[in-house]
Structure formats: structure tokens, C-alpha cells
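Structure file my_file_15.tsv (TSV, C-alpha atoms) follows.
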chain	number	residue	atom	x	y	z
A	1	GLY	CA	0.00	0.00	0.00
A	2	GLU	CA	0.94	3.65	-0.03
A	3	ASP	CA	3.40	4.78	2.58
A	4	VAL	CA	5.37	7.94	3.30
A	5	GLU	CA	8.33	7.87	5.67
A	6	GLN	CA	10.24	10.69	7.36
A	7	SER	CA	12.83	10.88	10.10
A	8	LEU	CA	11.28	12.22	13.29
A	9	PHE	CA	13.76	14.86	14.44
A	10	LEU	CA	16.29	17.30	13.03
A	11	SER	CA	18.32	19.87	14.95
A	12	VAL	CA	20.29	22.66	13.28
A	13	ARG	CA	21.96	25.93	14.25
A	14	GLU	CA	20.50	29.25	13.20
A	15	GLY	CA	21.94	30.34	9.86
A	16	ASP	CA	22.73	26.80	8.70
A	17	SER	CA	20.82	24.96	6.00
A	18	SER	CA	18.26	22.32	6.99
A	19	VAL	CA	17.49	19.31	4.85
A	20	ILE	CA	14.39	17.31	5.63
A	21	ASN	CA	14.04	14.00	3.83
A	22	CYS	CA	11.06	11.89	2.83
A	23	THR	CA	10.60	8.60	1.01
A	24	TYR	CA	7.39	7.30	-0.52
A	25	THR	CA	6.29	4.03	-2.05
A	26	ASP	CA	3.58	4.91	-4.57
A	27	SER	CA	5.25	5.11	-7.98
A	28	SER	CA	2.12	6.68	-9.47
A	29	SER	CA	2.28	9.73	-7.21
A	30	THR	CA	1.59	12.82	-9.23
A	31	TYR	CA	2.13	15.62	-6.71
A	32	LEU	CA	4.27	15.75	-3.59
A	33	TYR	CA	3.73	18.36	-0.91
A	34	TRP	CA	5.47	19.92	2.05
A	35	TYR	CA	3.41	21.23	4.94
A	36	LYS	CA	4.55	23.11	8.06
A	37	GLN	CA	2.85	22.89	11.45
A	38	GLU	CA	3.72	25.40	14.13
A	39	PRO	CA	2.78	24.68	17.77
A	40	GLY	CA	-0.96	24.93	18.36
A	41	ALA	CA	-1.76	25.53	14.71
A	42	GLY	CA	-3.02	23.63	11.70
A	43	LEU	CA	-0.91	22.44	8.81
A	44	GLN	CA	0.17	25.14	6.39
A	45	LEU	CA	0.97	24.30	2.79
A	46	LEU	CA	4.54	25.40	2.05
A	47	THR	CA	5.13	24.16	-1.46
A	48	TYR	CA	4.51	21.26	-3.79
A	49	ILE	CA	6.17	19.69	-6.81
A	50	PHE	CA	4.76	17.87	-9.79
A	51	SER	CA	6.24	14.45	-10.37
A	52	ASN	CA	7.73	15.33	-13.77
A	53	MET	CA	9.95	17.96	-12.14
A	54	ASP	CA	13.14	17.29	-10.24
A	55	MET	CA	13.58	20.63	-8.52
A	56	LYS	CA	11.53	23.60	-7.42
A	57	GLN	CA	12.84	26.70	-5.68
A	58	ASP	CA	10.79	29.22	-3.76
A	59	GLN	CA	12.81	31.86	-1.88
A	60	ARG	CA	14.63	30.01	0.93
A	61	LEU	CA	12.97	26.69	0.10
A	62	THR	CA	14.30	24.17	-2.39
A	63	VAL	CA	12.47	20.94	-3.12
A	64	LEU	CA	14.37	18.10	-4.75
A	65	LEU	CA	12.64	15.05	-6.18
A	66	ASN	CA	14.38	11.82	-7.16
A	67	LYS	CA	11.57	9.88	-8.74
A	68	LYS	CA	13.70	6.81	-9.43
A	69	ASP	CA	14.51	6.43	-5.72
A	70	LYS	CA	11.12	7.82	-4.61
A	71	HIS	CA	12.94	10.37	-2.46
A	72	LEU	CA	11.85	13.91	-1.73
A	73	SER	CA	13.74	16.55	0.23
A	74	LEU	CA	13.09	20.04	1.50
A	75	ARG	CA	16.05	22.34	1.96
A	76	ILE	CA	15.66	25.49	4.01
A	77	ALA	CA	18.48	27.95	3.47
A	78	ASP	CA	19.63	30.28	6.28
A	79	THR	CA	17.40	28.54	8.83
A	80	GLN	CA	15.86	30.86	11.40
A	81	THR	CA	14.38	30.17	14.84
A	82	GLY	CA	10.98	30.92	13.31
A	83	ASP	CA	11.42	27.85	11.11
A	84	SER	CA	11.18	25.61	14.17
A	85	ALA	CA	8.10	23.48	13.52
A	86	ILE	CA	6.99	20.05	12.37
A	87	TYR	CA	7.31	19.47	8.63
A	88	PHE	CA	5.08	16.94	6.87
A	89	CYS	CA	5.68	15.35	3.52
A	90	ALA	CA	2.57	14.17	1.61
A	91	GLU	CA	1.79	12.61	-1.73
A	92	SER	CA	-1.32	12.41	-3.90
A	93	ASN	CA	-2.35	10.38	-6.86
A	94	GLY	CA	-4.37	12.77	-8.97
A	95	ILE	CA	-4.50	10.73	-12.12
A	96	TYR	CA	-6.19	7.72	-10.58
A	97	ASN	CA	-8.55	10.01	-8.73
A	98	GLN	CA	-8.17	9.03	-5.13
A	99	GLY	CA	-10.45	11.97	-4.58
A	100	GLY	CA	-7.83	14.39	-3.43
A	101	LYS	CA	-6.73	12.13	-0.60
A	102	LEU	CA	-3.22	12.90	0.60
A	103	ILE	CA	-0.97	10.36	2.27
A	104	PHE	CA	1.06	12.09	4.99
A	105	GLY	CA	4.33	11.11	6.59
A	106	GLN	CA	4.77	11.15	10.36
A	107	GLY	CA	6.31	14.60	10.35
A	108	THR	CA	9.86	15.79	11.10
A	109	GLU	CA	10.30	18.07	14.08
A	110	LEU	CA	12.84	20.74	13.19
A	111	SER	CA	14.55	22.44	16.11
A	112	VAL	CA	16.63	25.53	15.36
A	113	LYS	CA	19.13	26.53	18.02
A	114	PRO	CA	20.40	30.11	18.27
B	1	ASP	CA	-11.07	34.39	2.13
B	2	ALA	CA	-11.14	33.59	5.84
B	3	GLY	CA	-9.72	30.12	5.33
B	4	VAL	CA	-11.15	26.98	6.88
B	5	ILE	CA	-13.05	27.80	10.05
B	6	GLN	CA	-13.45	25.35	12.90
B	7	SER	CA	-15.39	25.61	16.12
B	8	PRO	CA	-14.99	25.32	18.97
B	9	ARG	CA	-11.21	25.76	19.23
B	10	HIS	CA	-11.15	23.95	22.56
B	11	GLU	CA	-13.61	21.50	24.03
B	12	VAL	CA	-13.44	19.84	27.42
B	13	THR	CA	-16.10	17.29	28.19
B	14	GLU	CA	-16.77	14.35	30.46
B	15	MET	CA	-16.70	10.76	29.34
B	16	GLY	CA	-20.06	9.67	27.96
B	17	GLN	CA	-21.09	13.10	26.70
B	18	GLU	CA	-21.84	13.89	23.07
B	19	VAL	CA	-19.35	16.13	21.30
B	20	THR	CA	-19.98	18.00	18.05
B	21	LEU	CA	-17.18	19.62	16.10
B	22	ARG	CA	-17.95	22.05	13.29
B	23	CYS	CA	-16.22	23.08	10.12
B	24	LYS	CA	-16.77	25.66	7.40
B	25	PRO	CA	-14.61	24.95	4.34
B	26	ILE	CA	-13.17	27.55	2.00
B	27	SER	CA	-15.89	28.82	-0.34
B	28	GLY	CA	-15.84	26.98	-3.67
B	29	HIS	CA	-13.84	24.00	-2.43
B	30	ASP	CA	-15.43	20.68	-3.29
B	31	TYR	CA	-13.50	18.33	-1.00
B	32	LEU	CA	-13.65	18.31	2.79
B	33	PHE	CA	-11.52	16.18	5.10
B	34	TRP	CA	-11.58	15.38	8.81
B	35	TYR	CA	-8.29	14.41	10.48
B	36	ARG	CA	-7.30	13.50	14.01
B	37	GLN	CA	-3.82	14.18	15.41
B	38	THR	CA	-2.31	12.58	18.51
B	39	MET	CA	1.23	12.10	19.73
B	40	MET	CA	0.88	8.33	19.56
B	41	ARG	CA	-0.72	7.92	16.14
B	42	GLY	CA	0.25	11.11	14.34
B	43	LEU	CA	-2.11	12.53	11.72
B	44	GLU	CA	-4.97	10.20	10.76
B	45	LEU	CA	-7.55	10.75	8.03
B	46	LEU	CA	-10.98	9.94	9.44
B	47	ILE	CA	-13.34	10.67	6.54
B	48	TYR	CA	-13.62	12.83	3.47
B	49	PHE	CA	-16.40	14.24	1.31
B	50	ASN	CA	-16.65	15.29	-2.31
B	51	ASN	CA	-19.52	17.59	-3.23
B	52	ASN	CA	-21.08	16.87	0.18
B	53	VAL	CA	-21.05	13.09	-0.36
B	54	PRO	CA	-18.90	10.87	1.90
B	55	ILE	CA	-16.29	9.14	-0.25
B	56	ASP	CA	-14.17	7.21	2.24
B	57	ASP	CA	-14.95	6.73	5.92
B	58	SER	CA	-12.58	3.83	6.47
B	59	GLY	CA	-10.58	5.89	8.96
B	60	MET	CA	-13.48	6.45	11.32
B	61	PRO	CA	-12.42	4.55	14.44
B	62	GLU	CA	-15.79	3.11	15.42
B	63	ASP	CA	-19.53	3.63	15.35
B	64	ARG	CA	-19.31	6.28	18.03
B	65	PHE	CA	-17.98	8.62	15.36
B	66	SER	CA	-20.20	10.08	12.65
B	67	ALA	CA	-19.77	12.92	10.15
B	68	LYS	CA	-22.21	14.84	8.02
B	69	MET	CA	-22.02	17.49	5.35
B	70	PRO	CA	-25.54	18.86	4.82
B	71	ASN	CA	-24.36	21.53	2.40
B	72	ALA	CA	-21.24	22.86	0.70
B	73	SER	CA	-20.41	25.28	3.48
B	74	PHE	CA	-20.80	23.19	6.63
B	75	SER	CA	-19.74	19.87	8.11
B	76	THR	CA	-19.93	18.26	11.54
B	77	LEU	CA	-18.03	15.49	13.25
B	78	LYS	CA	-19.90	13.95	16.15
B	79	ILE	CA	-18.66	11.61	18.86
B	80	GLN	CA	-21.32	9.90	20.95
B	81	PRO	CA	-20.55	8.77	23.59
B	82	SER	CA	-17.10	10.31	24.02
B	83	GLU	CA	-14.25	8.45	25.74
B	84	PRO	CA	-10.92	9.66	27.17
B	85	ARG	CA	-9.03	7.99	24.29
B	86	ASP	CA	-10.82	10.36	21.89
B	87	SER	CA	-8.76	13.22	23.31
B	88	ALA	CA	-6.86	14.69	20.35
B	89	VAL	CA	-6.70	17.64	18.02
B	90	TYR	CA	-9.26	17.35	15.23
B	91	PHE	CA	-8.55	19.15	11.98
B	92	CYS	CA	-10.80	19.95	9.10
B	93	ALA	CA	-9.29	20.65	5.67
B	94	SER	CA	-10.71	21.54	2.28
B	95	SER	CA	-9.40	21.41	-1.24
B	96	LEU	CA	-10.27	22.20	-4.81
B	97	ARG	CA	-9.04	20.13	-7.66
B	98	ALA	CA	-6.86	22.32	-9.90
B	99	GLY	CA	-5.77	20.17	-12.83
B	100	THR	CA	-4.49	17.09	-11.03
B	101	SER	CA	-3.29	18.98	-7.98
B	102	TYR	CA	-5.16	18.78	-4.71
B	103	GLU	CA	-3.67	21.29	-2.30
B	104	GLN	CA	-5.41	20.93	1.03
B	105	TYR	CA	-5.93	23.88	3.34
B	106	PHE	CA	-6.27	23.15	7.01
B	107	GLY	CA	-8.27	24.82	9.73
B	108	PRO	CA	-6.71	25.71	13.10
B	109	GLY	CA	-8.09	22.57	14.73
B	110	THR	CA	-10.28	21.74	17.72
B	111	ARG	CA	-8.44	20.49	20.79
B	112	LEU	CA	-10.72	17.95	22.45
B	113	THR	CA	-10.14	16.76	26.01
B	114	VAL	CA	-12.37	14.03	27.39
B	115	THR	CA	-12.05	13.51	31.14

Could you rewrite the structure in this file as C-alpha cells?
Amino acid sequence: GEDVEQSLFLSVREGDSSVINCTYTDSSSTYLYWYKQEPGAGLQLLTYIFSNMDMKQDQRLTVLLNKKDKHLSLRIADTQTGDSAIYFCAESNGIYNQGGKLIFGQGTELSVKP
Amino acid sequence: DAGVIQSPRHEVTEMGQEVTLRCKPISGHDYLFWYRQTMMRGLELLIYFNNNVPIDDSGMPEDRFSAKMPNASFSTLKIQPSEPRDSAVYFCASSLRAGTSYEQYFGPGTRLTVT
């Protein structure tokens, strides 16, 4: 079945780059998403990438997709304390119409130390 | 747009009581999702609707849970009777199919505590 895996924790120093990794099993995934959840809040869509792309950049965020290895990463440049949050990877299968259902990973808790 | 609206934001109730959580999706969105988040189990999809019709309720834990969507702008998730293990944060999300992309937008959640 479909599965999305992430490491649970990542700790970095302020100003460094953070790289959050995700692997998925569904080879027919069409879109892959990154969400951010700050304490006490809902999930906020950060960015997404279509499966025929291998990279997408949006200001400090860079998404890399290796479709052959089913590996997705989110790089945050110049990480700030405000980036401390839980980051969720998710995938969807738009073509086969799973009705917009997203499969989420367990989330990676990013801790940024000053 | 105001985004997805959920009420109440916090709910404390005693075991055995009925609990009703409410959600207003983003106007024009045709999918609505209910999730539950706990430390132990992470984020779980409970049920989702398309055009007000339930599509998949396989994540609903048991018959004590029910969800309705009487119209495009309102949905409820009801737990009757509630139990302490139902304590969690419940999120509602909505989405609109744009091509083959399904970005979901989440509400702020309802933190439920059952004592």
C-alpha cells in the first residue's frame, strides 16, 4: 500500500541549511507536498512539486525530487528560529482520482538553536 | 477568504457526553476532510467528502464517530458517547481540484479533552 516515511527529528543551528528527507512508495504519485505545522496551529501548505519535475525553488525553500529512488527533500536555506516546527511530507495520486486524498508522513520536528 | 473555520477551538467534556465539532470549508472548495492528530498515532484521516457526499470513511475509528455534510459550506463530526481515548486535536481541511493537484488547506483545529 501507499506509505510515506520521514525521520522524526532534526536539529540545526540558526543560519545553517536544513534538509528534511522523505521517502514514498507509490510510484504513481503525481504531486508531492510539504506542509509546516507550528505549535498549536493547523498544517500550512509550504510548497509542492509535480512528479515530472526534479527541482523547485521558492525563496529560501528548495524541493528536490528523485523519482527513481522515490525520495523527496526540502532544503531550508539560512534557517531561522521561526522555522522551528513540524514538517510533513505528503503525496497524492491525482491521475487515478483518489479523490484528493493525501498520504502524509509522520512529520519531522525541526529544532533551530540560536 | 477567511480560510477553513473550525469551532470550537477547545472543548473539554466528560466521558459519555456527546461532542460535536464544526467546520466551514473555503468557499468553492469541493473536498472536505476530517483528520485526528495525537502524539501516539500522528495525523490520521478519518473521513472525506466530495460535493457533500462521503467518499471514504474507512478511517473512522468506530460507530461512536459520525460525520455529516448537509451543504457545501458546513460539516460536523460527532462523537457519541465520548471516551478519554478520543482526546486529540481534530482538523478539518478543504481542497479544490486544480488540474491534477489537490492542495489541502487546514483549519486551526479543535483540541478535544475528554475527562

Residues of chain A near chain B: apply a cut-off of 12 Å, count all atoms listed in the file, and supply the list as a tab-separated table (two decimals) with C-alpha atoms, in the frame of the given file.
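Output file part-v2.tsv is given in full below:
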chain	number	residue	atom	x	y	z
A	8	LEU	CA	11.28	12.22	13.29
A	29	SER	CA	2.28	9.73	-7.21
A	30	THR	CA	1.59	12.82	-9.23
A	31	TYR	CA	2.13	15.62	-6.71
A	32	LEU	CA	4.27	15.75	-3.59
A	33	TYR	CA	3.73	18.36	-0.91
A	34	TRP	CA	5.47	19.92	2.05
A	35	TYR	CA	3.41	21.23	4.94
A	36	LYS	CA	4.55	23.11	8.06
A	37	GLN	CA	2.85	22.89	11.45
A	38	GLU	CA	3.72	25.40	14.13
A	39	PRO	CA	2.78	24.68	17.77
A	40	GLY	CA	-0.96	24.93	18.36
A	41	ALA	CA	-1.76	25.53	14.71
A	42	GLY	CA	-3.02	23.63	11.70
A	43	LEU	CA	-0.91	22.44	8.81
A	44	GLN	CA	0.17	25.14	6.39
A	45	LEU	CA	0.97	24.30	2.79
A	46	LEU	CA	4.54	25.40	2.05
A	47	THR	CA	5.13	24.16	-1.46
A	48	TYR	CA	4.51	21.26	-3.79
A	49	ILE	CA	6.17	19.69	-6.81
A	50	PHE	CA	4.76	17.87	-9.79
A	51	SER	CA	6.24	14.45	-10.37
A	86	ILE	CA	6.99	20.05	12.37
A	88	PHE	CA	5.08	16.94	6.87
A	89	CYS	CA	5.68	15.35	3.52
A	90	ALA	CA	2.57	14.17	1.61
A	91	GLU	CA	1.79	12.61	-1.73
A	92	SER	CA	-1.32	12.41	-3.90
A	93	ASN	CA	-2.35	10.38	-6.86
A	94	GLY	CA	-4.37	12.77	-8.97
A	95	ILE	CA	-4.50	10.73	-12.12
A	96	TYR	CA	-6.19	7.72	-10.58
A	97	ASN	CA	-8.55	10.01	-8.73
A	98	GLN	CA	-8.17	9.03	-5.13
A	99	GLY	CA	-10.45	11.97	-4.58
A	100	GLY	CA	-7.83	14.39	-3.43
A	101	LYS	CA	-6.73	12.13	-0.60
A	102	LEU	CA	-3.22	12.90	0.60
A	103	ILE	CA	-0.97	10.36	2.27
A	104	PHE	CA	1.06	12.09	4.99
A	105	GLY	CA	4.33	11.11	6.59
A	106	GLN	CA	4.77	11.15	10.36
A	107	GLY	CA	6.31	14.60	10.35
A	108	THR	CA	9.86	15.79	11.10

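Taking all atoms listed in the file into account, Lys78 of chain B lies nearest to B:Leu21 out of the set B:Leu112, B:Met39, B:Leu21, B:Val53.
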
Edge lengths and centre in Å to one decimal, as AutoDock Vina command-line options, of the axis-aligned box that encloses all listed atoms of segment 57-74 of chain B with 3 Å added on every side?
--center_x -18.1 --center_y 14.2 --center_z 9.4 --size_x 21.0 --size_y 28.2 --size_z 23.3

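Computed from the coordinates, the atom CA of Ser84 of chain A to atom CA of Leu110 of chain A distance equals 5.2 Å.
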
Near Ser27 of chain B, within 9 Å and counting all atoms listed in the file, which residues show up once chain neighbours fewer than 2 positions away are dropped, as a JSON list (two decimals) with C-alpha atoms, keeping the file's coordinate frame?
[["chain", "number", "residue", "atom", "x", "y", "z"],
["B", 1, "ASP", "CA", -11.07, 34.39, 2.13],
["B", 3, "GLY", "CA", -9.72, 30.12, 5.33],
["B", 4, "VAL", "CA", -11.15, 26.98, 6.88],
["B", 24, "LYS", "CA", -16.77, 25.66, 7.40],
["B", 25, "PRO", "CA", -14.61, 24.95, 4.34],
["B", 29, "HIS", "CA", -13.84, 24.00, -2.43],
["B", 30, "ASP", "CA", -15.43, 20.68, -3.29],
["B", 72, "ALA", "CA", -21.24, 22.86, 0.70],
["B", 73, "SER", "CA", -20.41, 25.28, 3.48]]

task: Step by step: start from the point (-19.2, 13.8, 8.5) in the file's coordinates, keep every protein, DNA or RNA residue that has an atom no farther than 9 Å from it, count all atoms listed in the file, and write the set as a list of chain:residue names.
output: B:Phe33, B:Trp34, B:Ile47, B:Tyr48, B:Phe49, B:Pro54, B:Asp57, B:Phe65, B:Ser66, B:Ala67, B:Lys68, B:Met69, B:Pro70, B:Ser75, B:Thr76, B:Leu77, B:Lys78

Can I get the selected residues back with C-alpha atoms, as a PDB file, keeping the file's coordinate frame?
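After the write, part22.pdb holds the following:
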ATOM      1  CA  PHE B  33     -11.520  16.180   5.100  1.00  0.00           C
ATOM      2  CA  TRP B  34     -11.580  15.380   8.810  1.00  0.00           C
ATOM      3  CA  ILE B  47     -13.340  10.670   6.540  1.00  0.00           C
ATOM      4  CA  TYR B  48     -13.620  12.830   3.470  1.00  0.00           C
ATOM      5  CA  PHE B  49     -16.400  14.240   1.310  1.00  0.00           C
ATOM      6  CA  PRO B  54     -18.900  10.870   1.900  1.00  0.00           C
ATOM      7  CA  ASP B  57     -14.950   6.730   5.920  1.00  0.00           C
ATOM      8  CA  PHE B  65     -17.980   8.620  15.360  1.00  0.00           C
ATOM      9  CA  SER B  66     -20.200  10.080  12.650  1.00  0.00           C
ATOM     10  CA  ALA B  67     -19.770  12.920  10.150  1.00  0.00           C
ATOM     11  CA  LYS B  68     -22.210  14.840   8.020  1.00  0.00           C
ATOM     12  CA  MET B  69     -22.020  17.490   5.350  1.00  0.00           C
ATOM     13  CA  PRO B  70     -25.540  18.860   4.820  1.00  0.00           C
ATOM     14  CA  SER B  75     -19.740  19.870   8.110  1.00  0.00           C
ATOM     15  CA  THR B  76     -19.930  18.260  11.540  1.00  0.00           C
ATOM     16  CA  LEU B  77     -18.030  15.490  13.250  1.00  0.00           C
ATOM     17  CA  LYS B  78     -19.900  13.950  16.150  1.00  0.00           C
TER      18      LYS B  78
END

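Atom CA of Asn52 of chain A is found 28.2 Å from atom CA of Leu10 of chain A.
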
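Atom CA of Ile79 of chain B sits 13.0 Å away from atom CA of Val12 of chain B.
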
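Shortest atom-to-atom contact with Thr79 of chain A among A:Phe9, A:Met53, A:Glu109, A:Arg60: A:Arg60, counting all atoms listed in the file.
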
- prompt: Near Val112 of chain A, counting all atoms listed in the file, which residues have an atom at most 8 Å away, once you skip same-chain residues fewer than 5 positions from it, shown as an MDAnalysis selection string?
  reply: chainID A and resid 11:14 79:81 83:84
